[in-house]
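S.K.: Sharing a structure with you now.
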Amino acid sequence: MSGHSKWSTIKRAKGKLDAERGKVFTRLTKEIAVAAREGGGNPDSNARLRTAIAAAKAANMPSDNVKRSILKGTGELPGVTYEAITYEGYGPAGVAVFLQVMTDNKNRIVAEIRHVFAKWGGNLGSNGSVSWIFKQKGVIVIELNATTEASLMDVALDAGAEDISSDTGSFEVVMPPDALEDVKAAIEKKGIKIVSAEITMQPSNMVKLTTEKDANAMLRLYEALEEMEDVQKVYANFDIEQSLLEKVA
């Protein structure tokens, strides 16, 4: 079934998951603080904060870290004030790139992002230049050995999921963002273990990279952006054949 993010396949092939890079705590700390600042420190009435706390628990972040992040976000503890910003641009071969950033210095981060784009053959665009390509979706990832596709479809589709795929090495359940919590709760009620549940951006079309030059440059650009401390998420609408990926990975 379609609807999943094809980039997840490439990420797994390259072993570049956030948790493996040791940056997940920093990103979650910022997300929790901003969620608490914008929607209040009570997760019962703040869906964004609930999702961030769930992600922190899944990443084994200590509860004290979570509490401190919430208190900093609400202003009950002193701390750096982060601002959530999005940036858009183009990579090699016209690949659309959408960034979610949390920073305490807008001037610094925009200069750094522009430099990275230029280094790998891309360019930073204006707001709205590529955002129309991406739609916000909820995505739940489940290991293949945790359940059967038939069982997962029964519970997930009834709870509001739109699509289920299994061609990325795991089940990916896709739904509207406002259905994420209901679908997650329904799956967990059936005793099915969830690897991750998050709000993400999915492209409406994909750019297939067919040359080693473009594939290598786009992967380097993606990796360089992901490695930036203030960048929370990087989304891009490109696909690479496995045979070509093996040459550039």
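Just so we're on the same page: first chain in the structure tokens is A, next is B, and so on; residues restart at 1 for each chain, and ligands are numbered from 1 in the order they show up.
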Find the residues around Val207 in chain A up to 10 Å (only C-alpha atoms counted), leave out those fewer than 5 positions away in its own chain, and share them as number ranges by chain.
M.R.: A: 93-96, 236-240
S.K.: Select from range 117-212 of chain A every residue with an atom at most 10 Å from any atom of range 222-235 of chain A, then for each give the shortest pair of atoms and their distance in Å to one decimal, using only C-alpha atoms, rows by chain and rising number, as JSON lines.
M.R.:
{"residue": "A:Phe117", "atom": "CA", "partner": "A:Leu225", "partner_atom": "CA", "distance": 8.4}
{"residue": "A:Lys119", "atom": "CA", "partner": "A:Ala224", "partner_atom": "CA", "distance": 9.8}
{"residue": "A:Trp120", "atom": "CA", "partner": "A:Ala224", "partner_atom": "CA", "distance": 9.2}
{"residue": "A:Phe134", "atom": "CA", "partner": "A:Tyr235", "partner_atom": "CA", "distance": 8.5}
{"residue": "A:Thr200", "atom": "CA", "partner": "A:Tyr235", "partner_atom": "CA", "distance": 8.6}
{"residue": "A:Met201", "atom": "CA", "partner": "A:Tyr235", "partner_atom": "CA", "distance": 6.8}
{"residue": "A:Gln202", "atom": "CA", "partner": "A:Tyr235", "partner_atom": "CA", "distance": 7.7}
{"residue": "A:Pro203", "atom": "CA", "partner": "A:Tyr235", "partner_atom": "CA", "distance": 8.2}
S.K.: Skip Lys72 in chain A itself and residues of its chain fewer than 5 positions away, then list as a PyMOL selection string all residues within 12 Å of it, counting only C-alpha atoms.
M.R.: chain A and resi 29-38+40-41+65-67+77-82
S.K.: Take the residues that were just selected and, keeping N, CA and C atoms, output them as a compact mmCIF listing (two decimals), in the first residue's frame.
M.R.:
# COMPACT_ATOMS: atom_id res chain seq x y z
N THR A 29 14.18 17.88 23.92
CA THR A 29 14.17 18.93 24.94
C THR A 29 13.60 20.23 24.37
N LYS A 30 14.04 20.60 23.18
CA LYS A 30 13.54 21.82 22.54
C LYS A 30 12.05 21.70 22.21
N GLU A 31 11.66 20.55 21.67
CA GLU A 31 10.26 20.36 21.29
C GLU A 31 9.35 20.43 22.51
N ILE A 32 9.74 19.80 23.59
CA ILE A 32 8.94 19.83 24.82
C ILE A 32 8.81 21.26 25.34
N ALA A 33 9.92 21.98 25.36
CA ALA A 33 9.91 23.35 25.87
C ALA A 33 9.01 24.25 25.03
N VAL A 34 9.12 24.16 23.71
CA VAL A 34 8.30 24.99 22.83
C VAL A 34 6.83 24.60 22.93
N ALA A 35 6.56 23.30 22.99
CA ALA A 35 5.17 22.84 23.12
C ALA A 35 4.55 23.35 24.42
N ALA A 36 5.32 23.32 25.50
CA ALA A 36 4.82 23.81 26.79
C ALA A 36 4.62 25.31 26.77
N ARG A 37 5.53 26.03 26.11
CA ARG A 37 5.41 27.48 26.04
C ARG A 37 4.17 27.91 25.25
N GLU A 38 3.92 27.21 24.14
CA GLU A 38 2.83 27.61 23.25
C GLU A 38 1.47 27.09 23.69
N GLY A 40 0.91 25.45 27.01
CA GLY A 40 0.78 25.20 28.43
C GLY A 40 1.46 23.91 28.85
N GLY A 41 1.74 23.79 30.15
CA GLY A 41 2.51 22.67 30.66
C GLY A 41 1.72 21.44 31.04
N ASN A 65 14.45 15.15 33.14
CA ASN A 65 14.75 15.98 31.97
C ASN A 65 13.47 16.52 31.35
N VAL A 66 12.46 15.65 31.27
CA VAL A 66 11.17 16.05 30.70
C VAL A 66 10.55 17.15 31.54
N LYS A 67 10.55 16.96 32.86
CA LYS A 67 9.95 17.94 33.75
C LYS A 67 10.65 19.29 33.65
N LEU A 77 11.14 27.84 35.19
CA LEU A 77 12.58 27.71 35.37
C LEU A 77 13.27 28.57 34.30
N PRO A 78 14.41 29.17 34.64
CA PRO A 78 15.11 29.95 33.62
C PRO A 78 15.69 29.05 32.53
N GLY A 79 15.77 29.57 31.35
CA GLY A 79 16.33 28.78 30.24
C GLY A 79 16.32 29.57 28.96
N VAL A 80 16.93 29.00 27.93
CA VAL A 80 16.97 29.64 26.63
C VAL A 80 15.58 29.58 26.00
N THR A 81 15.18 30.65 25.33
CA THR A 81 13.91 30.69 24.63
C THR A 81 14.11 30.32 23.17
N TYR A 82 13.50 29.23 22.75
CA TYR A 82 13.63 28.77 21.38
C TYR A 82 12.42 29.20 20.56
S.K.: So how many Å separate CA of Asp182 in chain A and CA of Asp158 in chain A, to one decimal?
M.R.: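 Computing it gives 10.0 Å between the two atoms.
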S.K.: Per DSSP on the backbone, what are the strand (DSSP E or B) residues of range 130-248 of chain A, as a PyMOL selection string?
M.R.: chain A and resi 134-142+163-165+171-175+196-203+207-209+231-236+238-240
S.K.: For the atom pair CA of Glu198 in chain A and CA of Val139 in chain A, what is the interatomic distance in Å to one decimal place?
M.R.: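 It comes out at 5.6 Å.
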S.K.: So how many Å separate CA of Thr103 in chain A and CA of Asp44 in chain A, to one decimal?
M.R.: 26.4 Å
S.K.: Can you pull out every residue within 12 Å of Glu149 in chain A, counting only C-alpha atoms, but drop anything in the same chain fewer than 2 positions away, and send it as a list in words?
M.R.: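 The residues satisfying every condition are Met1, Ile142, Glu143, Leu144, Asn145, Ala146, Thr147, Ser151, Leu152, Met153, Asp154, Val155, Ala156, Leu157, Asp163, Ile164, Ser165, Ser166, Asp167, Ser170, Phe171, Glu172, Val173 and Ile192 of chain A.
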S.K.: From range 31-204 of chain A, collect each residue whose DSSP state is alpha helix (DSSP H) and return the set as a ChimeraX atom specification.
M.R.: /A:31-39,47-58,63-74,106-119,149-159,180-189
